[in-house]
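One file, query39.csv, is given below (CSV, C-alpha atoms).
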chain,number,residue,atom,x,y,z
A,1,MET,CA,69.2,51.2,28.5
A,2,ASN,CA,69.7,47.5,28.5
A,3,LEU,CA,69.0,45.5,31.6
A,4,SER,CA,71.7,43.0,30.9
A,5,ASP,CA,74.3,45.8,31.0
A,6,TRP,CA,73.6,46.0,34.8
A,7,ILE,CA,74.0,42.4,35.8
A,8,ILE,CA,77.8,42.5,36.1
A,9,PRO,CA,77.9,45.9,37.9
A,10,ALA,CA,75.2,44.7,40.3
A,11,VAL,CA,76.9,41.4,41.1
A,12,THR,CA,80.3,43.3,41.6
A,13,ALA,CA,78.7,45.9,43.9
A,14,ILE,CA,76.8,43.3,46.0
A,15,ILE,CA,80.0,41.3,46.6
A,16,ILE,CA,82.0,44.4,47.7
A,17,LEU,CA,79.2,45.7,49.9
A,18,TRP,CA,78.8,42.3,51.6
A,19,GLY,CA,82.6,42.2,52.1
A,20,LEU,CA,82.5,45.7,53.7
A,21,LYS,CA,79.6,44.7,55.9
A,22,SER,CA,81.3,41.6,57.2
A,23,LYS,CA,84.6,43.4,57.6
A,24,THR,CA,86.4,41.0,55.2
A,25,ASP,CA,90.0,41.8,54.1
A,26,ILE,CA,88.7,42.6,50.7
A,27,PHE,CA,91.9,43.4,48.9
A,28,GLY,CA,93.9,40.6,50.5
A,29,GLU,CA,91.2,38.0,49.6
A,30,PHE,CA,90.9,39.4,46.1
A,31,ALA,CA,94.6,39.1,45.5
A,32,ALA,CA,94.6,35.5,46.8
A,33,GLY,CA,91.7,34.5,44.6
A,34,ALA,CA,93.2,36.2,41.6
A,35,ALA,CA,96.6,34.4,42.2
A,36,ASP,CA,94.7,31.1,42.4
A,37,ASN,CA,93.2,31.6,38.9
A,38,LEU,CA,96.5,32.8,37.5
A,39,LYS,CA,97.7,29.2,38.2
A,40,THR,CA,94.7,27.8,36.4
A,41,CYS,CA,95.5,30.0,33.4
A,42,ALA,CA,99.1,28.8,33.4
A,43,GLU,CA,97.9,25.2,33.3
A,44,LEU,CA,95.4,26.1,30.5
A,45,LEU,CA,98.1,27.7,28.2
A,46,PRO,CA,99.8,24.5,26.8
A,47,VAL,CA,96.4,22.8,26.2
A,48,LEU,CA,95.0,25.9,24.4
A,49,ILE,CA,98.2,26.2,22.3
A,50,ALA,CA,97.7,22.6,21.1
A,51,LEU,CA,93.9,22.8,20.5
A,52,ILE,CA,93.7,26.3,19.1
A,53,THR,CA,96.5,25.5,16.6
A,54,ALA,CA,94.9,22.2,15.7
A,55,VAL,CA,91.5,23.9,15.1
A,56,GLY,CA,93.2,26.8,13.2
A,57,MET,CA,95.0,24.3,11.0
A,58,LEU,CA,91.7,22.5,10.3
A,59,ARG,CA,90.2,25.9,9.3
A,60,ALA,CA,93.2,26.8,7.1
A,61,SER,CA,93.2,23.5,5.4
A,62,GLY,CA,89.6,24.1,4.2
A,63,ALA,CA,88.2,21.1,6.1
A,64,ILE,CA,85.9,23.1,8.3
A,65,GLU,CA,84.5,25.0,5.3
A,66,LEU,CA,84.0,21.8,3.5
A,67,LEU,CA,82.1,20.2,6.4
A,68,THR,CA,80.0,23.3,7.0
A,69,SER,CA,79.0,23.6,3.4
A,70,LEU,CA,78.1,20.0,3.2
A,71,LEU,CA,75.9,20.3,6.3
A,72,GLU,CA,74.4,23.6,5.4
A,73,ASP,CA,71.7,22.2,3.2
A,74,ALA,CA,70.8,19.5,5.7
A,75,PHE,CA,70.5,22.1,8.5
A,76,ALA,CA,69.0,25.0,6.6
A,77,ARG,CA,65.5,23.8,7.3
A,78,THR,CA,66.0,23.2,11.0
A,79,GLY,CA,67.3,26.7,11.6
A,80,PHE,CA,70.4,25.4,13.4
A,81,PRO,CA,73.4,27.1,11.9
A,82,ALA,CA,75.9,24.6,10.5
A,83,GLN,CA,78.8,26.8,11.7
A,84,CYS,CA,77.9,25.8,15.3
A,85,LEU,CA,77.8,22.1,14.8
A,86,PRO,CA,81.5,21.5,15.5
A,87,LEU,CA,81.0,23.2,18.8
A,88,ALA,CA,78.0,21.0,19.7
A,89,LEU,CA,80.0,17.9,18.8
A,90,ILE,CA,83.0,18.7,21.0
A,91,ARG,CA,81.3,20.4,23.9
A,92,PRO,CA,80.4,17.3,25.9
A,93,PHE,CA,83.9,15.9,25.6
A,94,SER,CA,86.4,18.7,26.1
A,95,GLY,CA,86.2,22.1,27.8
A,96,SER,CA,89.4,23.5,26.2
A,97,GLY,CA,88.5,21.9,22.9
A,98,ALA,CA,85.1,23.7,23.0
A,99,LEU,CA,86.9,27.0,23.9
A,100,ALA,CA,89.2,26.6,20.8
A,101,VAL,CA,86.2,25.9,18.5
A,102,PHE,CA,84.2,28.7,20.0
A,103,GLU,CA,87.0,31.2,19.5
A,104,ASP,CA,87.3,30.0,15.9
A,105,ILE,CA,83.6,30.7,15.3
A,106,ILE,CA,83.7,34.1,16.9
A,107,ALA,CA,86.9,35.0,14.9
A,108,GLN,CA,85.4,33.8,11.7
A,109,TRP,CA,81.8,35.2,11.9
A,110,GLY,CA,82.0,37.9,14.5
A,111,PRO,CA,80.5,37.9,18.1
A,112,ASP,CA,77.4,39.7,17.0
A,113,SER,CA,76.5,37.5,14.0
A,114,ARG,CA,73.8,34.9,14.4
A,115,PRO,CA,76.2,32.0,14.6
A,116,GLY,CA,78.4,34.0,17.0
A,117,LYS,CA,75.5,34.7,19.3
A,118,ILE,CA,74.2,31.1,19.2
A,119,ALA,CA,77.7,29.8,19.9
A,120,SER,CA,78.0,32.2,22.8
A,121,VAL,CA,74.8,30.9,24.4
A,122,MET,CA,75.7,27.3,23.7
A,123,LEU,CA,79.1,27.7,25.3
A,124,GLY,CA,77.7,29.5,28.3
A,125,SER,CA,74.8,27.1,29.0
A,126,THR,CA,76.4,23.7,28.7
A,127,GLU,CA,79.1,21.7,30.4
A,128,THR,CA,81.8,19.1,29.7
A,129,THR,CA,79.4,16.3,30.4
A,130,PHE,CA,81.6,13.2,30.0
A,131,TYR,CA,84.4,14.7,32.1
A,132,THR,CA,82.0,15.7,34.9
A,133,ILE,CA,80.4,12.2,35.0
A,134,ALA,CA,83.8,10.5,34.9
A,135,VAL,CA,85.2,12.6,37.8
A,136,TYR,CA,82.2,12.5,40.0
A,137,PHE,CA,81.5,8.8,39.7
A,138,GLY,CA,85.2,7.9,39.6
A,139,ALA,CA,85.6,9.6,43.1
A,140,VAL,CA,83.1,7.2,44.6
A,141,ARG,CA,84.1,4.2,42.5
A,142,ILE,CA,80.7,3.7,41.0
A,143,LYS,CA,80.8,1.9,37.6
A,144,ARG,CA,77.1,1.5,36.9
A,145,THR,CA,76.0,5.1,36.4
A,146,ARG,CA,72.6,3.8,35.2
A,147,HIS,CA,70.7,6.6,33.3
A,148,THR,CA,73.0,9.5,34.3
A,149,LEU,CA,74.7,9.8,30.9
A,150,PRO,CA,71.4,9.6,28.8
A,151,ALA,CA,69.7,12.1,31.1
A,152,ALA,CA,72.7,14.5,30.9
A,153,LEU,CA,73.0,14.2,27.1
A,154,ILE,CA,69.3,14.9,26.7
A,155,GLY,CA,70.0,18.1,28.7
A,156,ASP,CA,72.9,19.0,26.4
A,157,LEU,CA,70.9,18.4,23.2
A,158,THR,CA,68.0,20.5,24.7
A,159,GLY,CA,70.5,23.2,25.4
A,160,PHE,CA,71.8,23.3,21.9
A,161,ILE,CA,68.3,23.4,20.4
A,162,ILE,CA,67.0,26.0,22.9
A,163,SER,CA,70.0,28.2,22.4
A,164,VAL,CA,68.9,28.7,18.8
A,165,LEU,CA,65.4,29.6,20.0
A,166,THR,CA,66.5,32.0,22.8
A,167,VAL,CA,68.8,33.8,20.3
A,168,ASN,CA,65.9,34.1,17.9
A,169,LEU,CA,63.5,35.3,20.5
A,170,MET,CA,65.8,37.5,22.8
A,171,LEU,CA,68.8,38.6,20.7
A,172,THR,CA,67.7,39.9,17.3
B,1,MET,CA,90.2,12.5,23.8
B,2,LYS,CA,93.9,11.8,23.5
B,3,TYR,CA,93.6,11.0,19.8
B,4,ILE,CA,91.6,14.1,18.8
B,5,PHE,CA,94.7,16.3,18.6
B,6,SER,CA,96.5,13.8,16.3
B,7,VAL,CA,93.4,13.3,14.2
B,8,LEU,CA,92.8,17.0,13.8
B,9,ILE,CA,96.4,17.7,12.7
B,10,LEU,CA,96.6,14.7,10.2
B,11,LEU,CA,93.1,15.6,8.9
B,12,SER,CA,94.2,19.2,8.2
B,13,VAL,CA,97.4,18.1,6.4
B,14,ILE,CA,95.4,15.7,4.2
B,15,SER,CA,92.6,18.2,3.6
B,16,ALA,CA,95.2,21.0,2.7
B,17,ALA,CA,96.9,18.6,0.2
B,18,VAL,CA,93.5,17.9,-1.4
B,19,CYS,CA,92.4,21.5,-1.5
B,20,GLY,CA,95.9,22.9,-2.4
B,21,ARG,CA,96.2,25.0,0.7
B,22,GLY,CA,99.8,24.4,1.8
B,23,ALA,CA,100.6,28.1,2.2
B,24,GLU,CA,97.5,28.7,4.4
B,25,LEU,CA,98.3,25.7,6.5
B,26,THR,CA,101.9,26.8,7.0
B,27,ALA,CA,100.8,30.2,8.0
B,28,SER,CA,98.3,28.7,10.5
B,29,VAL,CA,101.1,26.6,12.1
B,30,LEU,CA,103.2,29.7,12.5
B,31,ASP,CA,100.4,32.1,13.6
B,32,ASP,CA,97.9,30.1,15.6
B,33,PRO,CA,100.2,29.2,18.6
B,34,VAL,CA,100.8,32.9,19.0
B,35,ARG,CA,97.0,33.6,18.8
B,36,ALA,CA,96.5,30.9,21.5
B,37,VAL,CA,99.0,32.7,23.8
B,38,GLU,CA,97.3,36.0,23.2
B,39,LEU,CA,93.9,34.5,23.9
B,40,THR,CA,95.1,32.9,27.2
B,41,ILE,CA,96.5,36.2,28.3
B,42,TYR,CA,93.3,37.9,27.4
B,43,LEU,CA,91.2,35.4,29.3
B,44,CYS,CA,93.6,35.4,32.2
B,45,GLY,CA,92.6,39.0,33.1
B,46,GLY,CA,88.9,38.3,33.4
B,47,MET,CA,89.5,34.9,35.1
B,48,CYS,CA,91.8,36.5,37.8
B,49,PHE,CA,89.4,39.3,38.4
B,50,TRP,CA,86.4,37.0,38.9
B,51,GLY,CA,88.5,34.6,40.9
B,52,GLY,CA,89.4,37.5,43.2
B,53,LEU,CA,85.9,38.8,43.6
B,54,MET,CA,84.4,35.4,44.2
B,55,ARG,CA,87.1,34.7,46.9
B,56,VAL,CA,85.8,37.9,48.6
B,57,ALA,CA,82.2,36.5,48.3
B,58,GLU,CA,83.4,33.3,49.9
B,59,SER,CA,85.2,34.6,52.8
B,60,SER,CA,82.6,37.3,53.6
B,61,GLY,CA,80.0,34.6,54.0
B,62,LEU,CA,78.0,35.7,51.0
B,63,THR,CA,78.5,32.3,49.3
B,64,GLY,CA,77.2,30.5,52.5
B,65,LYS,CA,74.2,32.8,52.6
B,66,ILE,CA,73.3,32.0,49.0
B,67,SER,CA,73.8,28.3,49.6
B,68,GLY,CA,71.3,28.6,52.5
B,69,LEU,CA,68.8,30.2,50.3
B,70,LEU,CA,69.3,27.6,47.6
B,71,SER,CA,68.8,24.8,50.0
B,72,HIS,CA,65.0,25.6,50.1
B,73,ILE,CA,64.8,25.1,46.3
B,74,LEU,CA,67.1,22.0,46.2
B,75,GLY,CA,65.4,20.3,49.1
B,76,GLY,CA,62.6,19.1,46.8
B,77,LEU,CA,65.0,17.4,44.4
B,78,PHE,CA,66.8,15.4,47.1
B,79,GLY,CA,63.9,13.8,49.0
B,80,GLY,CA,66.0,10.9,50.2
B,81,LEU,CA,68.7,13.0,51.9
B,82,ASP,CA,68.9,14.4,55.4
B,83,LYS,CA,68.5,18.2,55.0
B,84,ASN,CA,70.9,18.8,57.9
B,85,GLY,CA,73.4,16.2,56.8
B,86,ARG,CA,76.9,16.7,55.3
B,87,ALA,CA,75.8,15.4,51.9
B,88,PHE,CA,73.0,18.0,51.4
B,89,HIS,CA,75.2,20.8,52.7
B,90,ALA,CA,78.0,19.9,50.2
B,91,ILE,CA,75.4,19.8,47.4
B,92,CYS,CA,74.2,23.3,48.2
B,93,MET,CA,77.7,24.6,48.4
B,94,ASN,CA,78.6,23.0,45.0
B,95,VAL,CA,75.6,24.4,43.2
B,96,THR,CA,76.4,27.9,44.7
B,97,ALA,CA,80.0,27.6,43.5
B,98,ASN,CA,78.8,26.7,40.0
B,99,LEU,CA,76.3,29.5,40.0
B,100,LEU,CA,79.0,32.0,40.8
B,101,GLY,CA,81.4,30.6,38.3
B,102,LEU,CA,83.9,29.3,41.0
B,103,GLY,CA,85.2,26.5,38.8
B,104,ASN,CA,88.2,25.8,41.1
B,105,ALA,CA,86.0,25.3,44.1
B,106,ALA,CA,83.0,23.6,42.5
B,107,THR,CA,84.8,20.3,41.5
B,108,PRO,CA,86.3,19.5,44.9
B,109,LEU,CA,82.9,20.4,46.6
B,110,GLY,CA,81.2,18.1,44.0
B,111,ILE,CA,83.4,15.2,44.8
B,112,GLU,CA,82.9,15.8,48.5
B,113,ALA,CA,79.1,15.8,47.9
B,114,MET,CA,79.3,12.5,46.0
B,115,LYS,CA,81.4,10.8,48.8
B,116,ALA,CA,78.9,12.1,51.4
B,117,ILE,CA,75.9,10.8,49.4
B,118,ALA,CA,77.6,7.4,49.0
B,119,GLU,CA,78.2,7.3,52.8
B,120,GLU,CA,74.7,8.4,53.7
B,121,GLU,CA,72.9,6.1,51.3
B,122,GLU,CA,75.4,3.3,51.6
B,123,THR,CA,75.7,2.8,47.8
B,124,LYS,CA,77.8,0.0,46.4
B,125,ASP,CA,78.7,0.0,42.7
B,126,GLU,CA,75.4,1.4,41.4
B,127,ALA,CA,74.5,5.1,41.2
B,128,SER,CA,71.6,6.2,43.5
B,129,PRO,CA,68.8,8.6,42.4
B,130,SER,CA,70.4,11.4,44.4
B,131,MET,CA,73.7,10.9,42.8
B,132,ILE,CA,72.2,11.0,39.3
B,133,ILE,CA,70.2,14.2,40.1
B,134,PHE,CA,73.3,15.8,41.6
B,135,THR,CA,75.5,15.0,38.6
B,136,VAL,CA,72.9,16.2,36.2
B,137,LEU,CA,72.7,19.5,38.1
B,138,ASN,CA,76.4,19.8,37.4
B,139,THR,CA,76.4,18.8,33.7
B,140,ALA,CA,73.6,21.4,33.0
B,141,SER,CA,76.0,24.2,33.9
B,142,LEU,CA,74.0,26.7,35.9
B,143,THR,CA,76.0,29.9,35.7
B,144,LEU,CA,75.1,33.4,36.7
B,145,ILE,CA,77.9,35.0,34.7
B,146,PRO,CA,79.2,33.2,31.6
B,147,SER,CA,82.5,35.0,31.9
B,148,THR,CA,84.6,33.0,29.4
B,149,ALA,CA,82.1,33.4,26.5
B,150,MET,CA,81.8,37.1,27.4
B,151,SER,CA,85.6,37.7,27.5
B,152,ILE,CA,86.0,36.2,24.0
B,153,ARG,CA,83.1,38.3,22.7
B,154,ALA,CA,84.7,41.4,24.1
B,155,LYS,CA,88.1,40.5,22.6
B,156,TYR,CA,86.4,40.4,19.1
B,157,HIS,CA,84.7,43.8,19.7
B,158,SER,CA,81.1,42.7,20.4
B,159,ALA,CA,78.8,45.7,20.6
B,160,SER,CA,77.4,44.2,23.9
B,161,PRO,CA,79.4,41.2,25.3
B,162,SER,CA,76.9,40.8,28.1
B,163,GLU,CA,73.7,40.7,26.1
B,164,ILE,CA,73.8,36.9,26.0
B,165,ILE,CA,73.3,36.6,29.7
B,166,PRO,CA,69.5,36.3,29.8
B,167,ALA,CA,69.5,33.9,26.9
B,168,VAL,CA,72.2,31.8,28.7
B,169,TRP,CA,70.0,31.7,31.8
B,170,ALA,CA,66.9,30.6,29.9
B,171,THR,CA,68.8,28.0,28.0
B,172,SER,CA,70.6,26.5,31.0
B,173,ALA,CA,67.2,26.3,32.8
B,174,ALA,CA,65.6,24.5,29.9
B,175,ALA,CA,68.5,22.1,29.6
B,176,LEU,CA,68.4,21.4,33.3
B,177,ALA,CA,64.6,20.8,33.3
B,178,ALA,CA,65.0,18.4,30.4
B,179,SER,CA,67.8,16.5,32.2
B,180,LEU,CA,65.8,16.3,35.4
B,181,ILE,CA,62.6,15.1,33.6
B,182,ALA,CA,64.7,12.6,31.6
B,183,ALA,CA,66.4,11.4,34.9
B,184,ALA,CA,63.0,10.9,36.6
B,185,ALA,CA,61.4,9.2,33.6
B,186,LEU,CA,64.3,6.9,32.9
B,187,GLY,CA,64.7,6.2,36.6
B,188,ALA,CA,61.0,5.2,36.8
B,189,ALA,CA,61.3,3.0,33.7
B,190,PHE,CA,64.4,1.2,34.9
B,191,SER,CA,63.4,0.6,38.5
B,192,GLY,CA,59.7,-0.2,37.8
B,193,LYS,CA,60.1,-3.8,39.0
B,194,SER,CA,62.6,-3.5,41.9
B,195,GLN,CA,61.5,-0.6,44.0
B,196,THR,CA,57.9,-0.1,45.1
B,197,HIS,CA,58.4,1.9,48.3
B,198,SER,CA,56.8,5.4,48.2
B,199,ARG,CA,59.1,7.6,46.2
B,200,LYS,CA,58.5,11.3,46.0
B,201,ASP,CA,57.9,12.4,42.4
B,202,ASP,CA,58.8,16.0,43.1
B,203,ASP,CA,56.8,18.8,41.8
B,204,LYS,CA,56.7,18.3,38.1
Go through the file and emit its structure as structure tokens.
Amino acid sequence: MNLSDWIIPAVTAIIILWGLKSKTDIFGEFAAGAADNLKTCAELLPVLIALITAVGMLRASGAIELLTSLLEDAFARTGFPAQCLPLALIRPFSGSGALAVFEDIIAQWGPDSRPGKIASVMLGSTETTFYTIAVYFGAVRIKRTRHTLPAALIGDLTGFIISVLTVNLMLT
Amino acid sequence: MKYIFSVLILLSVISAAVCGRGAELTASVLDDPVRAVELTIYLCGGMCFWGGLMRVAESSGLTGKISGLLSHILGGLFGGLDKNGRAFHAICMNVTANLLGLGNAATPLGIEAMKAIAEEEETKDEASPSMIIFTVLNTASLTLIPSTAMSIRAKYHSASPSEIIPAVWATSAAALAASLIAAAALGAAFSGKSQTHSRKDDDK
């Protein structure tokens, strides 16, 4: 038995039990929350059509293959899979762009391949750094963000490197 | 960002011309938008389910409970803020929302937290240490359930879509630690001359 198989069932059960304990209208609240995210999905659709098609075109044109094969030698020694480099490059800038590139990697190499696993961990453990900083500091009209961006990007870079290590150590 | 779409498309047309892949490119233009719709519908199911469950967690008070527990851990990072103030409360709620994958709730809470910090610390046009630490907490993506990555893994028939969870936790924690250390080190380097009052160096 795998412990990670029980994380989702446990979280689900805790939420339902807590809802019962506090006499929440579980079904009504669930439906309202689901409807909220349905709206988010509808807004996501046009963006994903644009980006997934653009990334798919780039794949079909041979450009991604070319880039990957060029980088493969340079990255072979570091252990970082060249297939995941496009994801690392787009991740800090665009959430939907990263999703499109991630889907391309999974479709191409499979979710349980080494690049597929590393891409999964990379996507799950990093954020759209530039967007977050722009929104948060924009809201309080602060222009001089000082060392926020370097510190955040050091975190992203660490995340990309560590995702290779954690996959090597925990998922093989 | 707005140029990326155009650049990607023009680049593919040029690259297809060079590699002689006109037929593949045409097929991609016809098939990939459909694939995007399929993917969105696929993701939609999981997103709505989690959105529903997390709404239950919110209105049952579970989110508030977790936020209270987190405040003990987060207190050390925000030495300069009043622990009973609006700013610190919003910070804890935002981190909880991120942890539970409540993307819709996390951003408004984060903006509220930034505004409250600005008020409490009377910042002008320059970011305060609390603001930097708070923003870095958000860019490090602390998530309990990486649901989007898992949904796509399941769509492509992964033998175990959820097996990535422990690795995601470990990686996020390492990324966050690196960001916080970098923020502290860079902060100390930049403000060496101006501020000499006793600043807590946290527990690193």
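Of the listed residues (A:Val47, A:Ala82, A:Ile154, A:Val164), A:Ile154 comes nearest to chain B; the distances count all atoms listed in the file.
Counting only C-alpha atoms and comparing B:Asn138, B:Ser160, B:Ser6, B:Asn104, the residue that lies closest to A:Asp112 is B:Ser160.
For the choices B:Thr139, B:Ser128, B:Thr96, B:Thr107, the atom-to-atom distance to B:Ala178 is smallest for B:Thr139 when using all atoms listed in the file.
Counting only C-alpha atoms, the residue from B:Ser15, B:Ser67, B:Thr123, B:Ser60 that sits nearest to A:Ile142 is B:Thr123.
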Subject >> Interface residues on chain B facing chain A, 6 Å, all atoms listed in the file, written as a ChimeraX atom specification >> reply: /B:8-9,12,15-16,21,24-25,28,32-33,36,44,48-49,51-53,55-57,60,111,115,125-127,132,136,139-141,146,149,153,158,163,167-168,171-172,175-176,178-179,182-183
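For the atom pair formed by atom CA of B:Ile117 and atom CA of A:Ser96, the distance is 29.7 Å, given to one decimal.
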**OP:** Would you mind reading off the distance between atom CA of B:Ala90 and atom CA of B:Ala105, one decimal, in Å?
**Re:** 11.4 Å
Original post:
Looking at B:Thr26, B:Asn84, B:Ser191, B:Asn94, which one is nearest to B:Pro108, with distances taken over all atoms listed in the file?
Top reply: B:Asn94
**OP:** Go ahead and compute the interatomic distance for atom CA of B:Ser151 and atom CA of B:Leu43, in Å to one decimal.
**Re:** 6.3 Å
Subject >> All residues 10 Å or closer to B:Val95, all atoms listed in the file, same chain fewer than 4 positions away omitted, as a VMD selection string >> reply: chain B and resid 66 to 67 70 to 71 74 90 to 91 99 to 102 106 109 to 110 134 137 to 138 141 to 143
Hey, can you spit out that residue selection with C-alpha atoms as a JSON list (two decimals), in the frame of the given file?
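Now in again05.json:
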[["chain", "number", "residue", "atom", "x", "y", "z"],
["B", 66, "ILE", "CA", 73.30, 32.00, 49.00],
["B", 67, "SER", "CA", 73.80, 28.30, 49.60],
["B", 70, "LEU", "CA", 69.30, 27.60, 47.60],
["B", 71, "SER", "CA", 68.80, 24.80, 50.00],
["B", 74, "LEU", "CA", 67.10, 22.00, 46.20],
["B", 90, "ALA", "CA", 78.00, 19.90, 50.20],
["B", 91, "ILE", "CA", 75.40, 19.80, 47.40],
["B", 99, "LEU", "CA", 76.30, 29.50, 40.00],
["B", 100, "LEU", "CA", 79.00, 32.00, 40.80],
["B", 101, "GLY", "CA", 81.40, 30.60, 38.30],
["B", 102, "LEU", "CA", 83.90, 29.30, 41.00],
["B", 106, "ALA", "CA", 83.00, 23.60, 42.50],
["B", 109, "LEU", "CA", 82.90, 20.40, 46.60],
["B", 110, "GLY", "CA", 81.20, 18.10, 44.00],
["B", 134, "PHE", "CA", 73.30, 15.80, 41.60],
["B", 137, "LEU", "CA", 72.70, 19.50, 38.10],
["B", 138, "ASN", "CA", 76.40, 19.80, 37.40],
["B", 141, "SER", "CA", 76.00, 24.20, 33.90],
["B", 142, "LEU", "CA", 74.00, 26.70, 35.90],
["B", 143, "THR", "CA", 76.00, 29.90, 35.70]]
Near B:Phe78, within 9 Å and counting only C-alpha atoms, which residues show up once chain neighbours fewer than 6 positions away are dropped, as a short mmCIF file (atom, residue, chain, number, x, y, z; two decimals) with C-alpha atoms, in the frame of the given file?
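part.cif written:
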data_model
loop_
_atom_site.label_atom_id
_atom_site.label_comp_id
_atom_site.auth_asym_id
_atom_site.auth_seq_id
_atom_site.Cartn_x
_atom_site.Cartn_y
_atom_site.Cartn_z
CA PHE B 88 73.00 18.00 51.40
CA PRO B 129 68.80 8.60 42.40
CA SER B 130 70.40 11.40 44.40
CA ILE B 133 70.20 14.20 40.10
CA PHE B 134 73.30 15.80 41.60
CA ASP B 202 58.80 16.00 43.10
#
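Distance check against A:Thr172 using all atoms listed in the file: of A:Pro115, A:Glu43, A:Ile105, A:Ala74, the minimum falls on A:Pro115.
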